[in-house]
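Source file: coords.cif; contents: mmCIF, C-alpha atoms.
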```
data_model
loop_
_atom_site.group_PDB
_atom_site.id
_atom_site.type_symbol
_atom_site.label_atom_id
_atom_site.label_comp_id
_atom_site.auth_asym_id
_atom_site.auth_seq_id
_atom_site.Cartn_x
_atom_site.Cartn_y
_atom_site.Cartn_z
ATOM 1 C CA MET A 1 45.610 203.282 25.580
ATOM 2 C CA LYS A 2 46.648 200.215 23.588
ATOM 3 C CA PHE A 3 47.286 196.900 25.291
ATOM 4 C CA SER A 4 47.519 193.298 24.276
ATOM 5 C CA HIS A 5 45.069 190.698 25.519
ATOM 6 C CA ARG A 6 48.042 188.884 27.062
ATOM 7 C CA GLN A 7 48.603 191.881 29.330
ATOM 8 C CA ALA A 8 44.980 192.262 30.399
ATOM 9 C CA ALA A 9 43.921 188.613 30.427
ATOM 10 C CA PRO A 10 45.720 187.541 33.645
ATOM 11 C CA MET A 11 44.144 190.400 35.530
ATOM 12 C CA ALA A 12 40.716 189.746 33.994
ATOM 13 C CA ARG A 13 40.945 186.028 34.849
ATOM 14 C CA ALA A 14 41.971 186.826 38.426
ATOM 15 C CA LEU A 15 39.122 189.297 38.776
ATOM 16 C CA LEU A 16 36.623 186.877 37.255
ATOM 17 C CA LEU A 17 37.671 184.012 39.500
ATOM 18 C CA ASN A 18 38.065 186.114 42.662
ATOM 19 C CA ALA A 19 35.427 188.774 42.032
ATOM 20 C CA SER A 20 33.237 189.633 44.933
ATOM 21 C CA VAL A 21 29.557 190.375 44.645
ATOM 22 C CA SER A 22 30.277 193.834 46.067
ATOM 23 C CA LEU A 23 31.453 195.122 42.678
ATOM 24 C CA ALA A 24 28.648 197.422 41.660
ATOM 25 C CA ARG A 25 27.190 197.563 38.164
ATOM 26 C CA GLY A 26 29.368 199.614 35.831
ATOM 27 C CA ARG A 27 32.211 200.119 38.308
ATOM 28 C CA SER A 28 35.506 200.546 36.465
ATOM 29 C CA LEU A 29 38.829 199.202 37.593
ATOM 30 C CA LEU A 30 41.605 201.360 36.197
ATOM 31 C CA THR A 31 44.993 199.841 35.577
ATOM 32 C CA PRO A 32 48.067 201.076 33.728
ATOM 33 C CA LYS A 33 47.265 198.686 30.875
ATOM 34 C CA ALA A 34 43.487 198.792 30.546
ATOM 35 C CA LYS A 35 40.137 199.928 31.849
ATOM 36 C CA ILE A 36 38.187 196.873 32.914
ATOM 37 C CA THR A 37 34.475 197.162 33.640
ATOM 38 C CA ALA A 38 32.503 194.594 35.647
ATOM 39 C CA ARG A 39 28.775 194.073 35.202
ATOM 40 C CA PRO A 40 26.355 191.331 36.278
ATOM 41 C CA CYS A 41 25.991 188.398 33.892
ATOM 42 C CA LYS A 42 22.526 187.936 32.356
ATOM 43 C CA THR A 43 22.708 184.143 32.210
ATOM 44 C CA HIS A 44 24.594 183.195 35.407
ATOM 45 C CA ARG A 45 23.500 184.525 38.781
ATOM 46 C CA ARG A 46 26.250 185.941 40.985
ATOM 47 C CA ALA A 47 28.728 185.958 38.090
ATOM 48 C CA LEU A 48 30.354 189.019 36.623
ATOM 49 C CA VAL A 49 31.178 189.830 33.023
ATOM 50 C CA LEU A 50 34.435 191.677 32.617
ATOM 51 C CA SER A 51 35.061 193.764 29.550
ATOM 52 C CA ALA A 52 38.302 195.484 28.694
ATOM 53 C CA ALA A 53 38.229 198.727 26.755
ATOM 54 C CA SER A 54 40.824 198.863 24.007
ATOM 55 C CA ASP A 55 41.453 200.054 20.494
ATOM 56 C CA GLN A 56 41.850 196.463 19.311
ATOM 57 C CA GLU A 57 39.140 194.204 17.944
ATOM 58 C CA HIS A 58 38.611 190.786 19.451
ATOM 59 C CA ARG A 59 41.324 188.434 18.200
ATOM 60 C CA PRO A 60 40.326 185.106 16.650
ATOM 61 C CA CYS A 61 41.214 181.886 18.438
ATOM 62 C CA ILE A 62 40.892 178.121 18.295
ATOM 63 C CA VAL A 63 39.501 176.317 21.360
ATOM 64 C CA LEU A 64 40.692 172.768 22.079
ATOM 65 C CA SER A 65 39.184 170.155 24.388
ATOM 66 C CA ASN A 66 39.022 166.380 24.787
ATOM 67 C CA ASP A 67 37.858 163.755 27.265
ATOM 68 C CA ASP A 68 41.305 162.408 28.168
ATOM 69 C CA GLY A 69 42.269 165.400 30.322
ATOM 70 C CA CYS A 70 44.411 168.485 29.907
ATOM 71 C CA GLU A 71 47.632 166.476 30.343
ATOM 72 C CA SER A 72 46.900 164.205 27.380
ATOM 73 C CA PRO A 73 50.046 163.965 25.225
ATOM 74 C CA LEU A 74 48.019 164.039 21.995
ATOM 75 C CA LEU A 75 46.155 167.206 23.027
ATOM 76 C CA THR A 76 49.465 168.845 23.938
ATOM 77 C CA ARG A 77 50.939 167.901 20.551
ATOM 78 C CA LEU A 78 47.921 169.336 18.734
ATOM 79 C CA TYR A 79 48.151 172.531 20.799
ATOM 80 C CA HIS A 80 51.830 173.083 19.963
ATOM 81 C CA ALA A 81 51.370 172.125 16.290
ATOM 82 C CA LEU A 82 48.544 174.662 15.862
ATOM 83 C CA ARG A 83 50.508 177.406 17.648
ATOM 84 C CA GLU A 84 53.473 176.739 15.358
ATOM 85 C CA ARG A 85 51.565 176.428 12.076
ATOM 86 C CA VAL A 86 48.966 179.151 12.670
ATOM 87 C CA PRO A 87 50.794 181.834 14.683
ATOM 88 C CA GLU A 88 48.231 184.537 13.862
ATOM 89 C CA LEU A 89 45.577 182.673 15.920
ATOM 90 C CA GLU A 90 45.590 182.131 19.650
ATOM 91 C CA VAL A 91 45.062 178.540 20.776
ATOM 92 C CA VAL A 92 43.199 177.939 24.052
ATOM 93 C CA ILE A 93 42.845 174.579 25.813
ATOM 94 C CA CYS A 94 39.874 174.036 28.121
ATOM 95 C CA ALA A 95 39.958 170.375 29.068
ATOM 96 C CA PRO A 96 38.996 168.266 32.077
ATOM 97 C CA THR A 97 41.441 168.012 34.970
ATOM 98 C CA THR A 98 41.180 164.214 34.888
ATOM 99 C CA ASN A 99 40.249 161.565 32.343
ATOM 100 C CA GLN A 100 36.506 161.730 31.587
ATOM 101 C CA SER A 101 36.280 159.038 28.900
ATOM 102 C CA ALA A 102 32.814 157.558 28.292
ATOM 103 C CA CYS A 103 31.033 160.269 30.305
ATOM 104 C CA SER A 104 28.787 161.140 27.362
ATOM 105 C CA HIS A 105 27.124 164.588 27.474
ATOM 106 C CA ARG A 106 27.073 164.841 31.264
ATOM 107 C CA ILE A 107 26.900 168.366 32.661
ATOM 108 C CA THR A 108 27.565 169.514 36.199
ATOM 109 C CA LEU A 109 24.634 170.992 38.129
ATOM 110 C CA GLY A 110 24.530 172.291 41.683
ATOM 111 C CA LYS A 111 28.299 172.357 42.090
ATOM 112 C CA LYS A 112 30.845 175.056 41.352
ATOM 113 C CA LEU A 113 33.395 174.170 38.704
ATOM 114 C CA ARG A 114 37.027 174.910 39.490
ATOM 115 C CA VAL A 115 39.081 176.456 36.717
ATOM 116 C CA ASN A 116 42.863 176.210 37.042
ATOM 117 C CA GLU A 117 45.284 177.861 34.654
ATOM 118 C CA ARG A 118 48.015 175.344 33.795
ATOM 119 C CA THR A 119 50.996 177.476 32.815
ATOM 120 C CA ASP A 120 53.217 174.389 33.158
ATOM 121 C CA LEU A 121 51.507 172.983 30.039
ATOM 122 C CA GLY A 122 51.558 176.225 27.994
ATOM 123 C CA ASP A 123 49.970 179.641 27.633
ATOM 124 C CA LEU A 124 46.172 179.712 27.746
ATOM 125 C CA VAL A 125 45.739 176.160 29.080
ATOM 126 C CA TYR A 126 42.892 175.631 31.564
ATOM 127 C CA ALA A 127 42.013 172.520 33.573
ATOM 128 C CA ILE A 128 38.359 172.336 34.604
ATOM 129 C CA ASP A 129 37.073 169.844 37.170
ATOM 130 C CA GLY A 130 34.055 168.858 35.107
ATOM 131 C CA SER A 131 33.040 166.904 32.038
ATOM 132 C CA PRO A 132 34.153 167.764 28.480
ATOM 133 C CA ALA A 133 30.735 169.386 27.873
ATOM 134 C CA ASP A 134 31.326 171.536 30.976
ATOM 135 C CA CYS A 135 34.722 172.517 29.588
ATOM 136 C CA MET A 136 33.265 173.839 26.339
ATOM 137 C CA GLN A 137 30.519 175.627 28.258
ATOM 138 C CA VAL A 138 33.134 177.306 30.491
ATOM 139 C CA ALA A 139 35.269 178.143 27.446
ATOM 140 C CA VAL A 140 32.713 179.602 25.026
ATOM 141 C CA GLY A 141 29.193 179.014 26.343
ATOM 142 C CA SER A 142 28.224 182.527 27.446
ATOM 143 C CA GLN A 143 29.368 186.089 28.092
ATOM 144 C CA CYS A 144 30.908 184.872 31.372
ATOM 145 C CA SER A 145 33.115 182.335 29.597
ATOM 146 C CA ILE A 146 36.909 182.327 29.604
ATOM 147 C CA VAL A 147 37.509 183.048 25.915
ATOM 148 C CA PRO A 148 35.328 186.195 25.556
ATOM 149 C CA THR A 149 36.709 187.708 28.776
ATOM 150 C CA MET A 150 40.221 187.492 27.288
ATOM 151 C CA GLY A 151 39.195 189.539 24.259
ATOM 152 C CA LEU A 152 39.199 186.496 21.974
ATOM 153 C CA THR A 153 36.562 185.293 19.525
ATOM 154 C CA PRO A 154 36.416 181.541 18.910
ATOM 155 C CA ILE A 155 36.353 180.741 15.210
ATOM 156 C CA LEU A 156 36.901 176.999 15.575
ATOM 157 C CA ALA A 157 36.354 174.473 18.357
ATOM 158 C CA VAL A 158 38.292 171.211 18.140
ATOM 159 C CA SER A 159 37.532 168.258 20.371
ATOM 160 C CA GLY A 160 40.198 165.567 20.338
ATOM 161 C CA ILE A 161 42.716 164.069 19.516
ATOM 162 C CA ASN A 162 41.408 161.077 21.420
ATOM 163 C CA LEU A 163 43.567 158.343 22.957
ATOM 164 C CA GLY A 164 40.943 155.729 22.007
ATOM 165 C CA PRO A 165 38.708 155.233 18.985
ATOM 166 C CA ASN A 166 35.236 156.743 18.652
ATOM 167 C CA LEU A 167 33.677 154.220 16.316
ATOM 168 C CA SER A 168 30.085 153.156 15.708
ATOM 169 C CA SER A 169 27.981 153.355 18.879
ATOM 170 C CA ASP A 170 30.988 154.652 20.879
ATOM 171 C CA VAL A 171 30.007 158.157 19.795
ATOM 172 C CA LEU A 172 26.926 157.913 22.037
ATOM 173 C CA TYR A 173 29.144 157.613 25.130
ATOM 174 C CA SER A 174 32.134 159.687 24.076
ATOM 175 C CA GLY A 175 33.014 162.777 26.084
ATOM 176 C CA THR A 176 35.093 164.016 23.136
ATOM 177 C CA VAL A 177 32.054 163.967 20.862
ATOM 178 C CA ALA A 178 29.991 165.661 23.614
ATOM 179 C CA ALA A 179 32.493 168.538 23.803
ATOM 180 C CA ALA A 180 32.194 169.004 20.043
ATOM 181 C CA ARG A 181 28.380 169.018 20.259
ATOM 182 C CA GLU A 182 28.472 171.532 23.124
ATOM 183 C CA ALA A 183 30.640 173.960 21.150
#
```

Rewrite the structure of this file - the entire thing - as C-alpha coordinates.
Amino acid sequence: MKFSHRQAAPMARALLLNASVSLARGRSLLTPKAKITARPCKTHRRALVLSAASDQEHRPCIVLSNDDGCESPLLTRLYHALRERVPELEVVICAPTTNQSACSHRITLGKKLRVNERTDLGDLVYAIDGSPADCMQVAVGSQCSIVPTMGLTPILAVSGINLGPNLSSDVLYSGTVAAAREA
(Lines of atoms letter the chains of each structure in order from A and count residues from 1; the text may use other names and numbers.)
(Lines give C-alpha, C1' and ligand atoms only; values in the text may rest on other atoms or scores of the structure.)
Protein backbone atom coordinates (compact mmCIF):
# COMPACT_ATOMS: atom_id res chain seq x y z
CA MET A 1 0.00 0.00 0.00
CA LYS A 2 1.49 3.36 -0.95
CA PHE A 3 1.49 6.26 1.48
CA SER A 4 3.30 9.52 1.86
CA HIS A 5 5.57 10.23 4.81
CA ARG A 6 3.27 13.14 5.66
CA GLN A 7 0.46 10.66 6.26
CA ALA A 8 2.48 8.27 8.40
CA ALA A 9 4.75 10.74 10.17
CA PRO A 10 2.17 12.21 12.62
CA MET A 11 1.22 8.74 13.76
CA ALA A 12 4.87 7.64 14.00
CA ARG A 13 5.77 10.76 16.01
CA ALA A 14 2.83 10.20 18.36
CA LEU A 15 3.79 6.57 18.82
CA LEU A 16 7.44 7.44 19.38
CA LEU A 17 6.66 10.11 21.94
CA ASN A 18 3.88 8.18 23.70
CA ALA A 19 5.11 4.62 23.18
CA SER A 20 4.91 2.37 26.16
CA VAL A 21 7.53 -0.19 27.04
CA SER A 22 4.85 -2.87 26.69
CA LEU A 23 5.18 -2.89 22.89
CA ALA A 24 6.88 -6.19 22.25
CA ARG A 25 9.73 -6.66 19.79
CA GLY A 26 8.45 -6.91 16.22
CA ARG A 27 4.83 -6.12 17.05
CA SER A 28 3.12 -4.48 14.08
CA LEU A 29 0.58 -1.71 14.27
CA LEU A 30 -1.67 -1.86 11.24
CA THR A 31 -3.29 1.31 9.98
CA PRO A 32 -5.15 2.15 6.79
CA LYS A 33 -2.10 4.07 5.56
CA ALA A 34 0.87 2.00 6.68
CA LYS A 35 2.26 -0.91 8.64
CA ILE A 36 4.43 0.46 11.41
CA THR A 37 6.73 -1.86 13.33
CA ALA A 38 8.23 -1.02 16.73
CA ARG A 39 11.48 -2.52 17.96
CA PRO A 40 13.87 -1.67 20.81
CA CYS A 41 16.57 0.88 20.01
CA LYS A 42 20.16 -0.40 20.19
CA THR A 43 21.64 2.88 21.40
CA HIS A 44 18.96 4.29 23.75
CA ARG A 45 17.50 2.18 26.53
CA ARG A 46 13.72 2.20 26.83
CA ALA A 47 13.34 3.87 23.43
CA LEU A 48 11.62 2.37 20.43
CA VAL A 49 12.52 2.58 16.77
CA LEU A 50 9.52 2.83 14.50
CA SER A 51 9.78 1.80 10.89
CA ALA A 52 7.08 2.21 8.30
CA ALA A 53 6.81 -0.30 5.49
CA SER A 54 6.22 1.32 2.12
CA ASP A 55 7.07 1.10 -1.54
CA GLN A 56 8.84 4.45 -1.37
CA GLU A 57 12.51 5.06 -0.66
CA HIS A 58 13.53 7.44 2.08
CA ARG A 59 13.08 11.02 0.86
CA PRO A 60 15.99 13.45 1.16
CA CYS A 61 15.71 16.40 3.52
CA ILE A 62 17.56 19.38 4.92
CA VAL A 63 17.77 19.77 8.71
CA LEU A 64 17.94 23.28 10.18
CA SER A 65 18.96 24.37 13.68
CA ASN A 66 20.41 27.38 15.47
CA ASP A 67 21.08 28.64 18.99
CA ASP A 68 18.56 31.50 18.94
CA GLY A 69 15.51 29.26 19.29
CA CYS A 70 12.85 27.88 16.99
CA GLU A 71 11.02 31.23 16.88
CA SER A 72 14.02 33.10 15.48
CA PRO A 73 12.86 35.25 12.55
CA LEU A 74 16.02 34.51 10.55
CA LEU A 75 15.60 30.73 10.96
CA THR A 76 11.97 31.03 9.87
CA ARG A 77 12.99 33.03 6.79
CA LEU A 78 15.62 30.43 5.87
CA TYR A 79 13.08 27.63 6.35
CA HIS A 80 10.51 29.25 4.04
CA ALA A 81 13.14 30.26 1.45
CA LEU A 82 14.46 26.68 1.23
CA ARG A 83 10.94 25.22 0.98
CA GLU A 84 10.16 27.65 -1.84
CA ARG A 85 13.41 27.29 -3.79
CA VAL A 86 13.96 23.55 -3.30
CA PRO A 87 10.45 22.04 -3.28
CA GLU A 88 11.70 18.51 -4.00
CA LEU A 89 13.40 18.39 -0.56
CA GLU A 90 11.69 18.39 2.80
CA VAL A 91 12.97 20.96 5.28
CA VAL A 92 12.93 20.06 8.99
CA ILE A 93 13.66 22.46 11.86
CA CYS A 94 14.93 21.03 15.15
CA ALA A 95 15.87 24.02 17.27
CA PRO A 96 15.90 24.89 20.97
CA THR A 97 12.67 26.06 22.58
CA THR A 98 14.46 29.10 24.02
CA ASN A 99 17.55 31.13 23.19
CA GLN A 100 20.70 29.08 23.91
CA SER A 101 23.35 31.53 22.72
CA ALA A 102 26.88 30.99 24.07
CA CYS A 103 26.08 27.52 25.45
CA SER A 104 28.93 25.95 23.48
CA HIS A 105 28.72 22.17 22.94
CA ARG A 106 26.71 21.46 26.08
CA ILE A 107 24.68 18.25 26.02
CA THR A 108 21.89 17.21 28.35
CA LEU A 109 22.50 14.17 30.55
CA GLY A 110 20.22 12.59 33.12
CA LYS A 111 17.14 14.50 32.01
CA LYS A 112 14.50 13.70 29.42
CA LEU A 113 14.30 16.14 26.53
CA ARG A 114 10.86 17.37 25.54
CA VAL A 115 10.11 17.52 21.84
CA ASN A 116 7.19 19.72 20.77
CA GLU A 117 5.93 19.93 17.22
CA ARG A 118 5.34 23.60 16.38
CA THR A 119 2.72 23.54 13.63
CA ASP A 120 2.13 27.27 14.22
CA LEU A 121 5.60 27.91 12.74
CA GLY A 122 5.30 25.48 9.79
CA ASP A 123 5.29 21.82 8.82
CA LEU A 124 8.06 19.72 10.34
CA VAL A 125 9.15 22.28 12.95
CA TYR A 126 10.23 20.89 16.33
CA ALA A 127 11.12 22.77 19.52
CA ILE A 128 13.42 20.84 21.85
CA ASP A 129 14.08 21.91 25.43
CA GLY A 130 17.82 21.37 25.20
CA SER A 131 20.97 22.84 23.70
CA PRO A 132 21.61 23.16 19.94
CA ALA A 133 23.84 20.05 20.13
CA ASP A 134 20.92 18.19 21.74
CA CYS A 135 18.68 19.36 18.91
CA MET A 136 20.91 17.88 16.22
CA GLN A 137 21.26 14.67 18.23
CA VAL A 138 17.46 14.40 18.51
CA ALA A 139 17.08 15.22 14.81
CA VAL A 140 19.66 12.93 13.19
CA GLY A 141 21.87 11.37 15.86
CA SER A 142 20.60 7.78 15.86
CA GLN A 143 17.95 5.34 14.66
CA CYS A 144 15.60 6.78 17.30
CA SER A 145 15.88 10.30 15.90
CA ILE A 146 13.02 12.34 14.47
CA VAL A 147 14.18 12.51 10.84
CA PRO A 148 14.72 8.76 10.20
CA THR A 149 11.41 7.84 11.85
CA MET A 150 9.61 10.09 9.33
CA GLY A 151 11.12 8.20 6.40
CA LEU A 152 13.53 11.03 5.58
CA THR A 153 17.27 10.92 4.96
CA PRO A 154 19.23 14.05 5.88
CA ILE A 155 21.51 15.15 3.06
CA LEU A 156 22.43 18.52 4.54
CA ALA A 157 22.44 19.99 8.04
CA VAL A 158 22.42 23.78 8.33
CA SER A 159 23.04 25.56 11.60
CA GLY A 160 22.15 29.24 11.55
CA ILE A 161 21.28 31.95 10.45
CA ASN A 162 22.51 33.51 13.67
CA LEU A 163 21.20 36.76 15.17
CA GLY A 164 24.74 37.65 16.32
CA PRO A 165 28.18 37.24 14.79
CA ASN A 166 30.35 34.16 15.27
CA LEU A 167 33.76 35.72 14.82
CA SER A 168 37.22 34.76 16.06
CA SER A 169 37.09 33.07 19.47
CA ASP A 170 33.26 33.35 19.55
CA VAL A 171 33.13 30.04 17.71
CA LEU A 172 34.40 28.31 20.87
CA TYR A 173 31.25 29.37 22.76
CA SER A 174 28.70 29.37 19.96
CA GLY A 175 25.74 27.01 20.19
CA THR A 176 25.19 27.45 16.44
CA VAL A 177 28.67 26.15 15.69
CA ALA A 178 28.12 23.29 18.18
CA ALA A 179 24.96 22.20 16.32
CA ALA A 180 26.93 22.12 13.08
CA ARG A 181 29.69 20.04 14.70
CA GLU A 182 27.12 17.63 16.17
CA ALA A 183 25.52 17.01 12.77

Padding 6 Å on each side, edges along x, y and z: where is the centre of the box around the listed atoms of stretch 134-146 of chain A, and how long are its edges in Å to one decimal? Output it as lines of an AutoDock Vina configuration file.
```
center_x = 32.6
center_y = 178.8
center_z = 28.2
size_x = 20.7
size_y = 26.6
size_z = 18.3
```

Item to check | Nearby residues (all atoms listed in the file) at most 6 Å from stretch 62-65 of chain A, same-chain spacing under 2 positions excluded, as a PyMOL selection string | outcome: chain A and resi 91-95+154+156-159

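Of the listed residues (A:Ala180, A:Cys144, A:Met136, A:Ala102), A:Ala180 comes nearest to A:Ile161; the distances count only C-alpha atoms.
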
Next on the checklist: One decimal, in Å: what's the spacing between atom CA of A:Asp67 and atom CA of A:Pro96?
Outcome noted: 6.7 Å

Item to check | Spatial neighbours of A:Val138, max dist 10 Å, all atoms listed in the file, sep filter under 2 positions, as number ranges by chain | outcome: A: 94-95, 113, 115, 126, 128, 130, 132-136, 140-147

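Once the PyMOL selection byres ((chain A and resi 76-78) around 9) is applied to the shown structure, the selection contains Leu64, Cys70, Glu71, Ser72, Pro73, Leu74, Leu75, Tyr79, His80, Ala81, Leu82, Arg83, Ile93, Leu121, Gly122, Gly160 and Ile161 of chain A.
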
Any chance you can output those residues with C-alpha atoms as a PDB file, in the frame of the given file?
```
ATOM      1  CA  LEU A  64      40.692 172.768  22.079  1.00  0.00           C
ATOM      2  CA  CYS A  70      44.411 168.485  29.907  1.00  0.00           C
ATOM      3  CA  GLU A  71      47.632 166.476  30.343  1.00  0.00           C
ATOM      4  CA  SER A  72      46.900 164.205  27.380  1.00  0.00           C
ATOM      5  CA  PRO A  73      50.046 163.965  25.225  1.00  0.00           C
ATOM      6  CA  LEU A  74      48.019 164.039  21.995  1.00  0.00           C
ATOM      7  CA  LEU A  75      46.155 167.206  23.027  1.00  0.00           C
ATOM      8  CA  TYR A  79      48.151 172.531  20.799  1.00  0.00           C
ATOM      9  CA  HIS A  80      51.830 173.083  19.963  1.00  0.00           C
ATOM     10  CA  ALA A  81      51.370 172.125  16.290  1.00  0.00           C
ATOM     11  CA  LEU A  82      48.544 174.662  15.862  1.00  0.00           C
ATOM     12  CA  ARG A  83      50.508 177.406  17.648  1.00  0.00           C
ATOM     13  CA  ILE A  93      42.845 174.579  25.813  1.00  0.00           C
ATOM     14  CA  LEU A 121      51.507 172.983  30.039  1.00  0.00           C
ATOM     15  CA  GLY A 122      51.558 176.225  27.994  1.00  0.00           C
ATOM     16  CA  GLY A 160      40.198 165.567  20.338  1.00  0.00           C
ATOM     17  CA  ILE A 161      42.716 164.069  19.516  1.00  0.00           C
TER      18      ILE A 161
END
```

Item to check | Residue members of the PyMOL selection byres ((chain A and resi 60) around 8) in the file shown, as an MDAnalysis selection string | outcome: chainID A and resid 58:59 61:62 89:90 152:155

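The two atoms in question, atom CA of A:Asn99 and atom CA of A:Ala178, are spaced 14.1 Å apart.
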
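For the choices A:Thr108, A:Thr97, A:Thr176, A:Asn116, the atom-to-atom distance to A:Gly164 is smallest for A:Thr176 when using all atoms listed in the file.
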
Checklist outcome for this item: Students should find that atom CA of A:Arg118 and atom CA of A:Leu163 are spaced 20.6 Å

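Proximity of A:Gly69, A:Glu88, A:Gln137, A:Leu167 to A:Ala179, computed with only C-alpha atoms, is greatest for A:Gln137.
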
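Of the residues under consideration (A:Ala139, A:Asp123, A:Ser131, A:Pro87), A:Ser131 shows the shortest atom-to-atom contact distance to A:Val177 when counting only C-alpha atoms.
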
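Residue nearest A:Arg181, chosen from A:Asp129, A:Ser168, A:Arg85, A:Arg106 and counting only C-alpha atoms: A:Arg106.
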
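You can rank A:Asn166, A:Ala183, A:Pro148, A:Asn66 by their closest distance to A:Gln100 using all atoms listed in the file, and at the top of that list sits A:Asn66.
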